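In what follows, a single structure is set out as structure tokens and then discussed.
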Amino acid sequence: MKVTVISIPVRDQEKALQFYTQKLGFLKKKDTPLDGGNRWLTLVSKEAQDGPELLLEPAPNHFEPSKVFQDALMEAGIPWTQFDVESVDAEYERLTQLGVEFSVKPTTMGTVKIAVFNDTCGNNIQIVEEL
Amino acid sequence: MVHLEGPPELLIILPEDHGMTFYEKELLRINAVIYKNHGQIDAIIAVRNYIDSNYASDLNLDVLSKIQCISKYHLLRLFKKYYGLTPRQYLIDKRITHAKKHLENGMSVTETCFAVGFESLGSFSALFKSKTGKSPFQFRKAQFSRSKFNSES
């Protein structure tokens with residue numbers, strides 16, 4: 001078995017696509033129309049385009065428990081998904097300039113540095129740098 | 001209607017957890033419980049940085065334990081505690097990552113093997129295959145055909 005696709009629930013696939021590509025810098029990999037205006041929409045990181053794909057999954061709009069869970073995570077400030085970065089401080093600066101809102105500023109946790117931002121699609125996302 | 005007993009000056013207004021989320025409170029708690037030994041953490045981070053800059057040389061626990069004057073067993077335990085894998089596993093991953101870069105840039109398999117610090121082609125090939133699913137020869141070939149395809153397209 002291989003890890004090839006990881007899902008992230010989003011409220012609006014098009015909005016998520018814009019945020020994840022234009023602000024975070026991911027690249028669109030697959031975009032297939034599905035029933036009811038939904039899409040099979042995946043992204044890859046620019047530095048690892050043959051790496052795992054991130055699936056922008058519209059579950060919260062169609063499956064109530066998914067929405068409830070996502071809301072509860074948002075309320076508690078918990079990031080369910082995290083991405084590795086070279087420098088948390090540099091990304092914090094860059095994303096803040098782009099208007100991205102952080103709920104946790106760069107913080108050292110032992111051997112890693114982390115920060116948490118709002119992806120505007122219902123999720124807290126954590127960025128991590130190994131020290 | 002609820003009547004609060006007692007004079008108003010005895011009412012204590014609790015700040016709403018200073019507006020912190022559950023997650024922020026957990027980060028503070030974890031930092032205080034798990035990551036309180038800053039000296040130890042700095043020493044282990046220094047060991048990791050040393051491995052990052054010297055992955056191609058003959059690294060072993062003896063060498064690493066001398067850098068920070070930590071006994072070998074203690075170093076092994078602490079490294080695993082803070083990074084989740086042993087220094088040896090970390091070193092191998094580092095070497096494989098660099099090997100992939102070299103192979104992508106067209107370096108030969110034999111050159112790559114020694115450039116990242118392995119001493120035998122056999123052990124390098126076997127490790128590379130077990131970590132990436134391809135032998136270094138197959139990996140290099142795949143990169144080469146991909147770049148050729150890209151330049152033609």
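Ordered as shown in the structure tokens, chains take letters A, B, and onward, while each chain numbers its residues from 1 and ligands are numbered from 1 in the order shown.
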### Message
What are the residues of chain B lining chain A at 10 Å or less? Count only C-alpha atoms, and put the answer as a VMD selection string.
### Response
chain B and resid 20 to 28 30 to 32 34 to 38 40 to 42 44 to 46 48 to 49 82 to 83
### Task
Looking only at alpha helix (DSSP H) from DSSP on the backbone, list the matching residues of chain A as a PyMOL selection string.
chain A and resi 13-18+59-62+64-76+88-97
#### Entry: Test item: residues at most 7 Å from B:Ala43, only C-alpha atoms, excluding those fewer than 4 positions along its chain, as a PyMOL selection string
chain B and resi 39+47+68
Output the selection as a compact mmCIF listing (two decimals), in the first residue's frame - N, CA and C atoms for each residue.
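Printed below is out_6.txt as written:
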```
# COMPACT_ATOMS: atom_id res chain seq x y z
N GLY B 39 18.29 22.62 27.90
CA GLY B 39 19.68 22.23 27.68
C GLY B 39 19.76 20.94 26.87
N VAL B 47 23.22 17.94 17.72
CA VAL B 47 23.62 16.64 17.15
C VAL B 47 22.99 16.47 15.77
N GLN B 68 28.71 16.50 21.90
CA GLN B 68 27.98 17.16 22.98
C GLN B 68 28.30 16.57 24.36
```
### Message
Show me, as number ranges by chain, the residues that have an atom within 12 Å of A:Gly37 when counting only C-alpha atoms, minus same-chain residues fewer than 6 positions from it.
### Response
A: 12-14, 31, 58, 61-62
Pull C-alpha atoms from the residues just selected and write them as a PDB file, in the first residue's frame.
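That gives us again_15.pdb:
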```
ATOM      1  CA  ASP A  12     -15.910  25.737  -1.139  1.00  0.00           C
ATOM      2  CA  GLN A  13     -13.692  23.871  -3.582  1.00  0.00           C
ATOM      3  CA  GLU A  14     -13.078  26.808  -5.917  1.00  0.00           C
ATOM      4  CA  ASP A  31      -9.504  18.328 -11.728  1.00  0.00           C
ATOM      5  CA  PRO A  58     -16.337  19.003  -0.185  1.00  0.00           C
ATOM      6  CA  ASN A  61     -21.380  20.528   2.434  1.00  0.00           C
ATOM      7  CA  HIS A  62     -22.898  17.081   2.012  1.00  0.00           C
TER       8      HIS A  62
END
```
#### Entry: Who sits within 12 Å of A:Phe83, only C-alpha atoms, same chain under 4 positions skipped, as a list of chain:residue names
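The filter keeps A:Ile6, A:Tyr20, A:Leu24, A:Gly25, A:Phe26, A:Val44, A:Ser45, A:Pro52, A:Leu54, A:Pro79, A:Ser87, A:Val88, A:Glu91, A:Lys113, A:Ile114, A:Ala115, A:Val116, A:Phe117, A:Asn124, A:Ile125, A:Gln126, A:Ile127, A:Val128, A:Glu129, A:Glu130.
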Dump of N, CA and C atoms for the selected residues, as a PDB file, in the first residue's frame:
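So the final result, stored in result.pdb, reads:
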```pdb
ATOM      1  N   ILE A   6      -4.263  12.442   0.294  1.00  0.00           N
ATOM      2  CA  ILE A   6      -4.693  12.802   1.634  1.00  0.00           C
ATOM      3  C   ILE A   6      -5.806  13.837   1.489  1.00  0.00           C
ATOM      4  N   TYR A  20      -5.160  27.713  -1.861  1.00  0.00           N
ATOM      5  CA  TYR A  20      -4.050  26.749  -1.770  1.00  0.00           C
ATOM      6  C   TYR A  20      -3.023  26.923  -2.891  1.00  0.00           C
ATOM      7  N   LEU A  24      -0.728  29.621  -0.802  1.00  0.00           N
ATOM      8  CA  LEU A  24       0.191  28.621  -0.245  1.00  0.00           C
ATOM      9  C   LEU A  24       1.212  28.131  -1.260  1.00  0.00           C
ATOM     10  N   GLY A  25       0.878  28.198  -2.544  1.00  0.00           N
ATOM     11  CA  GLY A  25       1.853  27.825  -3.570  1.00  0.00           C
ATOM     12  C   GLY A  25       1.783  26.385  -4.048  1.00  0.00           C
ATOM     13  N   PHE A  26       0.676  25.682  -3.747  1.00  0.00           N
ATOM     14  CA  PHE A  26       0.517  24.327  -4.278  1.00  0.00           C
ATOM     15  C   PHE A  26       0.161  24.408  -5.762  1.00  0.00           C
ATOM     16  N   VAL A  44      -0.572  19.213  -5.587  1.00  0.00           N
ATOM     17  CA  VAL A  44       0.723  18.672  -5.145  1.00  0.00           C
ATOM     18  C   VAL A  44       1.609  19.847  -4.739  1.00  0.00           C
ATOM     19  N   SER A  45       2.629  19.563  -3.941  1.00  0.00           N
ATOM     20  CA  SER A  45       3.531  20.661  -3.601  1.00  0.00           C
ATOM     21  C   SER A  45       4.502  20.878  -4.751  1.00  0.00           C
ATOM     22  N   PRO A  52       2.687  12.843  -2.547  1.00  0.00           N
ATOM     23  CA  PRO A  52       1.267  12.634  -2.272  1.00  0.00           C
ATOM     24  C   PRO A  52       0.421  13.831  -2.714  1.00  0.00           C
ATOM     25  N   LEU A  54      -3.004  16.231  -2.385  1.00  0.00           N
ATOM     26  CA  LEU A  54      -3.933  16.751  -1.389  1.00  0.00           C
ATOM     27  C   LEU A  54      -5.295  16.891  -2.062  1.00  0.00           C
ATOM     28  N   PRO A  79      -5.373  22.258  14.547  1.00  0.00           N
ATOM     29  CA  PRO A  79      -5.066  21.981  13.143  1.00  0.00           C
ATOM     30  C   PRO A  79      -5.085  20.471  12.908  1.00  0.00           C
ATOM     31  N   SER A  87      11.253  27.185   6.535  1.00  0.00           N
ATOM     32  CA  SER A  87      11.367  28.154   7.621  1.00  0.00           C
ATOM     33  C   SER A  87       9.980  28.663   8.008  1.00  0.00           C
ATOM     34  N   VAL A  88       9.579  28.388   9.235  1.00  0.00           N
ATOM     35  CA  VAL A  88       8.278  28.841   9.722  1.00  0.00           C
ATOM     36  C   VAL A  88       8.240  30.365   9.785  1.00  0.00           C
ATOM     37  N   GLU A  91       7.782  31.810   6.252  1.00  0.00           N
ATOM     38  CA  GLU A  91       6.423  31.579   5.761  1.00  0.00           C
ATOM     39  C   GLU A  91       5.424  32.457   6.510  1.00  0.00           C
ATOM     40  N   LYS A 113       9.573  23.955  15.192  1.00  0.00           N
ATOM     41  CA  LYS A 113       8.907  25.251  15.311  1.00  0.00           C
ATOM     42  C   LYS A 113       7.607  25.144  14.527  1.00  0.00           C
ATOM     43  N   ILE A 114       6.518  25.666  15.090  1.00  0.00           N
ATOM     44  CA  ILE A 114       5.216  25.559  14.432  1.00  0.00           C
ATOM     45  C   ILE A 114       4.528  26.929  14.369  1.00  0.00           C
ATOM     46  N   ALA A 115       3.518  27.019  13.513  1.00  0.00           N
ATOM     47  CA  ALA A 115       2.603  28.158  13.495  1.00  0.00           C
ATOM     48  C   ALA A 115       1.301  27.631  12.904  1.00  0.00           C
ATOM     49  N   VAL A 116       0.182  28.299  13.217  1.00  0.00           N
ATOM     50  CA  VAL A 116      -1.126  27.826  12.741  1.00  0.00           C
ATOM     51  C   VAL A 116      -1.882  28.971  12.083  1.00  0.00           C
ATOM     52  N   PHE A 117      -2.406  28.717  10.882  1.00  0.00           N
ATOM     53  CA  PHE A 117      -3.194  29.748  10.201  1.00  0.00           C
ATOM     54  C   PHE A 117      -4.556  29.216   9.763  1.00  0.00           C
ATOM     55  N   ASN A 124      -7.974  24.964  10.366  1.00  0.00           N
ATOM     56  CA  ASN A 124      -6.713  25.470  10.886  1.00  0.00           C
ATOM     57  C   ASN A 124      -5.619  24.600  10.284  1.00  0.00           C
ATOM     58  N   ILE A 125      -4.597  25.239   9.742  1.00  0.00           N
ATOM     59  CA  ILE A 125      -3.493  24.483   9.141  1.00  0.00           C
ATOM     60  C   ILE A 125      -2.217  24.823   9.891  1.00  0.00           C
ATOM     61  N   GLN A 126      -1.467  23.781  10.225  1.00  0.00           N
ATOM     62  CA  GLN A 126      -0.213  23.991  10.952  1.00  0.00           C
ATOM     63  C   GLN A 126       0.961  23.860   9.986  1.00  0.00           C
ATOM     64  N   ILE A 127       1.921  24.778  10.106  1.00  0.00           N
ATOM     65  CA  ILE A 127       3.168  24.600   9.362  1.00  0.00           C
ATOM     66  C   ILE A 127       4.267  24.243  10.352  1.00  0.00           C
ATOM     67  N   VAL A 128       5.157  23.394   9.937  1.00  0.00           N
ATOM     68  CA  VAL A 128       6.160  22.839  10.834  1.00  0.00           C
ATOM     69  C   VAL A 128       7.549  22.894  10.219  1.00  0.00           C
ATOM     70  N   GLU A 129       8.510  23.246  11.039  1.00  0.00           N
ATOM     71  CA  GLU A 129       9.916  23.221  10.624  1.00  0.00           C
ATOM     72  C   GLU A 129      10.677  22.424  11.668  1.00  0.00           C
ATOM     73  N   GLU A 130      11.443  21.433  11.226  1.00  0.00           N
ATOM     74  CA  GLU A 130      12.246  20.673  12.176  1.00  0.00           C
ATOM     75  C   GLU A 130      13.501  21.461  12.484  1.00  0.00           C
TER      76      GLU A 130
END
```
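Nearest residue to A:Gln22 among A:Gly122, A:Trp80, A:Leu43, A:Glu101 is A:Leu43, counting only C-alpha atoms.
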### Message
Would you compute the distance between atom CA of B:Ile96 and atom CA of B:Phe124? Give it in Å to one decimal.
### Response
8.8 Å
### Message
I need the residues of stretch 14-118 of chain A that end up classed as strand (DSSP E or B) by DSSP on the backbone, written out as a PyMOL selection string.
### Response
chain A and resi 27-33+39-45+48+53-57+79-84+102-109+112-118
Go ahead and save the picked residues with N, CA and C atoms, as a short mmCIF file (atom, residue, chain, number, x, y, z; two decimals), in the first residue's frame.
```cif
data_model
loop_
_atom_site.label_atom_id
_atom_site.label_comp_id
_atom_site.auth_asym_id
_atom_site.auth_seq_id
_atom_site.Cartn_x
_atom_site.Cartn_y
_atom_site.Cartn_z
N LEU A 27 0.33 23.29 -6.46
CA LEU A 27 -0.03 23.24 -7.87
C LEU A 27 -1.22 22.31 -8.06
N LYS A 28 -2.10 22.67 -8.99
CA LYS A 28 -3.24 21.80 -9.28
C LYS A 28 -2.74 20.59 -10.06
N LYS A 29 -3.18 19.40 -9.63
CA LYS A 29 -2.75 18.20 -10.35
C LYS A 29 -3.92 17.59 -11.12
N LYS A 30 -5.02 17.29 -10.43
CA LYS A 30 -6.16 16.67 -11.11
C LYS A 30 -7.42 17.48 -10.85
N ASP A 31 -8.25 17.59 -11.86
CA ASP A 31 -9.50 18.33 -11.73
C ASP A 31 -10.54 17.64 -12.62
N THR A 32 -11.38 16.81 -11.99
CA THR A 32 -12.36 16.05 -12.75
C THR A 32 -13.75 16.42 -12.26
N PRO A 33 -14.68 16.74 -13.17
CA PRO A 33 -16.04 17.06 -12.70
C PRO A 33 -16.75 15.82 -12.18
N ARG A 39 -16.09 18.36 -7.58
CA ARG A 39 -14.94 18.00 -8.42
C ARG A 39 -14.00 17.08 -7.65
N TRP A 40 -13.33 16.22 -8.40
CA TRP A 40 -12.19 15.48 -7.82
C TRP A 40 -11.00 16.38 -8.09
N LEU A 41 -10.59 17.11 -7.04
CA LEU A 41 -9.64 18.20 -7.21
C LEU A 41 -8.44 17.94 -6.31
N THR A 42 -7.29 17.70 -6.91
CA THR A 42 -6.10 17.43 -6.08
C THR A 42 -4.97 18.40 -6.38
N LEU A 43 -4.12 18.56 -5.36
CA LEU A 43 -2.97 19.46 -5.46
C LEU A 43 -1.71 18.69 -5.12
N VAL A 44 -0.57 19.21 -5.59
CA VAL A 44 0.72 18.67 -5.14
C VAL A 44 1.61 19.85 -4.74
N SER A 45 2.63 19.56 -3.94
CA SER A 45 3.53 20.66 -3.60
C SER A 45 4.50 20.88 -4.75
N ALA A 48 7.60 18.81 -4.62
CA ALA A 48 7.48 17.34 -4.71
C ALA A 48 6.25 17.01 -5.54
N GLU A 53 -0.81 13.54 -3.14
CA GLU A 53 -1.73 14.59 -3.56
C GLU A 53 -2.66 14.96 -2.41
N LEU A 54 -3.00 16.23 -2.39
CA LEU A 54 -3.93 16.75 -1.39
C LEU A 54 -5.30 16.89 -2.06
N LEU A 55 -6.28 16.16 -1.56
CA LEU A 55 -7.62 16.18 -2.15
C LEU A 55 -8.48 17.21 -1.44
N LEU A 56 -8.97 18.21 -2.19
CA LEU A 56 -9.87 19.21 -1.62
C LEU A 56 -11.27 18.62 -1.66
N GLU A 57 -11.72 18.18 -0.52
CA GLU A 57 -12.90 17.31 -0.41
C GLU A 57 -14.09 18.08 0.15
N PRO A 79 -5.37 22.26 14.55
CA PRO A 79 -5.07 21.98 13.14
C PRO A 79 -5.09 20.47 12.91
N TRP A 80 -5.90 20.01 11.98
CA TRP A 80 -5.96 18.57 11.70
C TRP A 80 -4.91 18.20 10.65
N THR A 81 -4.47 19.19 9.91
CA THR A 81 -3.53 18.95 8.80
C THR A 81 -2.31 19.84 8.98
N GLN A 82 -1.16 19.31 8.65
CA GLN A 82 0.04 20.14 8.73
C GLN A 82 0.96 19.92 7.54
N PHE A 83 1.69 20.98 7.21
CA PHE A 83 2.64 20.92 6.10
C PHE A 83 4.03 21.28 6.59
N ASP A 84 5.02 20.64 6.00
CA ASP A 84 6.42 20.95 6.34
C ASP A 84 6.87 22.17 5.56
N PHE A 102 -3.14 34.21 11.27
CA PHE A 102 -2.55 33.18 12.12
C PHE A 102 -3.18 33.18 13.50
N SER A 103 -3.52 31.99 14.02
CA SER A 103 -4.03 31.88 15.39
C SER A 103 -2.90 31.51 16.34
N VAL A 104 -1.84 30.90 15.81
CA VAL A 104 -0.64 30.64 16.61
C VAL A 104 0.55 31.20 15.85
N LYS A 105 1.24 32.17 16.45
CA LYS A 105 2.43 32.74 15.82
C LYS A 105 3.57 31.73 15.94
N PRO A 106 4.68 31.93 15.21
CA PRO A 106 5.77 30.96 15.28
C PRO A 106 6.15 30.65 16.73
N THR A 107 6.10 29.38 17.07
CA THR A 107 6.31 28.92 18.44
C THR A 107 7.21 27.70 18.43
N THR A 108 8.21 27.70 19.30
CA THR A 108 9.09 26.54 19.37
C THR A 108 8.49 25.50 20.31
N MET A 109 8.43 24.27 19.82
CA MET A 109 7.97 23.15 20.63
C MET A 109 9.07 22.10 20.61
N VAL A 112 10.91 21.24 17.20
CA VAL A 112 10.26 21.80 16.01
C VAL A 112 9.77 23.22 16.28
N LYS A 113 9.57 23.95 15.19
CA LYS A 113 8.91 25.25 15.31
C LYS A 113 7.61 25.14 14.53
N ILE A 114 6.52 25.67 15.09
CA ILE A 114 5.22 25.56 14.43
C ILE A 114 4.53 26.93 14.37
N ALA A 115 3.52 27.02 13.51
CA ALA A 115 2.60 28.16 13.50
C ALA A 115 1.30 27.63 12.90
N VAL A 116 0.18 28.30 13.22
CA VAL A 116 -1.13 27.83 12.74
C VAL A 116 -1.88 28.97 12.08
N PHE A 117 -2.41 28.72 10.88
CA PHE A 117 -3.19 29.75 10.20
C PHE A 117 -4.56 29.22 9.76
N ASN A 118 -5.43 30.14 9.39
CA ASN A 118 -6.78 29.81 8.95
C ASN A 118 -6.79 29.72 7.41
#
```
### Message
Ranking B:Gln89, B:Ser145, B:Ser57, B:Ser71 by minimum distance to B:Cys113 and counting only C-alpha atoms, which one comes first?
### Response
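Residue with the minimum atom-to-atom distance to B:Cys113: B:Ser57.
When only C-alpha atoms are used to measure the gap to A:Leu17, the shortest distance among A:Cys121, A:Lys2, A:Asp71, A:Pro60 belongs to A:Cys121.
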#### Entry: Within 12 Å of B:Ser125 using only C-alpha atoms, minus same-chain residues under 5 positions, as a list in words
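So, after excluding close chain neighbours, the residues are Ile96, Ala99, Lys100, Val109, Thr110, Thr112, Cys113, Phe114, Phe118, Glu119, Ser120, Ser130, Lys131, Thr132, Gly133, Lys134, Ser135, Pro136, Phe137, Gln138, Phe139 and Arg140 of chain B.
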#### Entry: Among listed residues A:Val85, A:Asp35, A:Pro9, A:Thr120, nearest A:Glu64 (using only C-alpha atoms)
A:Pro9
### Message
Restricting the calculation to only C-alpha atoms: of B:Ser123, B:Asn105, B:Asn60, B:Thr97, which residue gets closest to B:Leu75?
### Response
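For B:Leu75, the nearest of the candidates is B:Asn60.
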### Query
In Å to one decimal, how far is atom CA of B:Tyr73 from atom CA of B:Leu85?
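These two atoms are separated by 14.0 Å.
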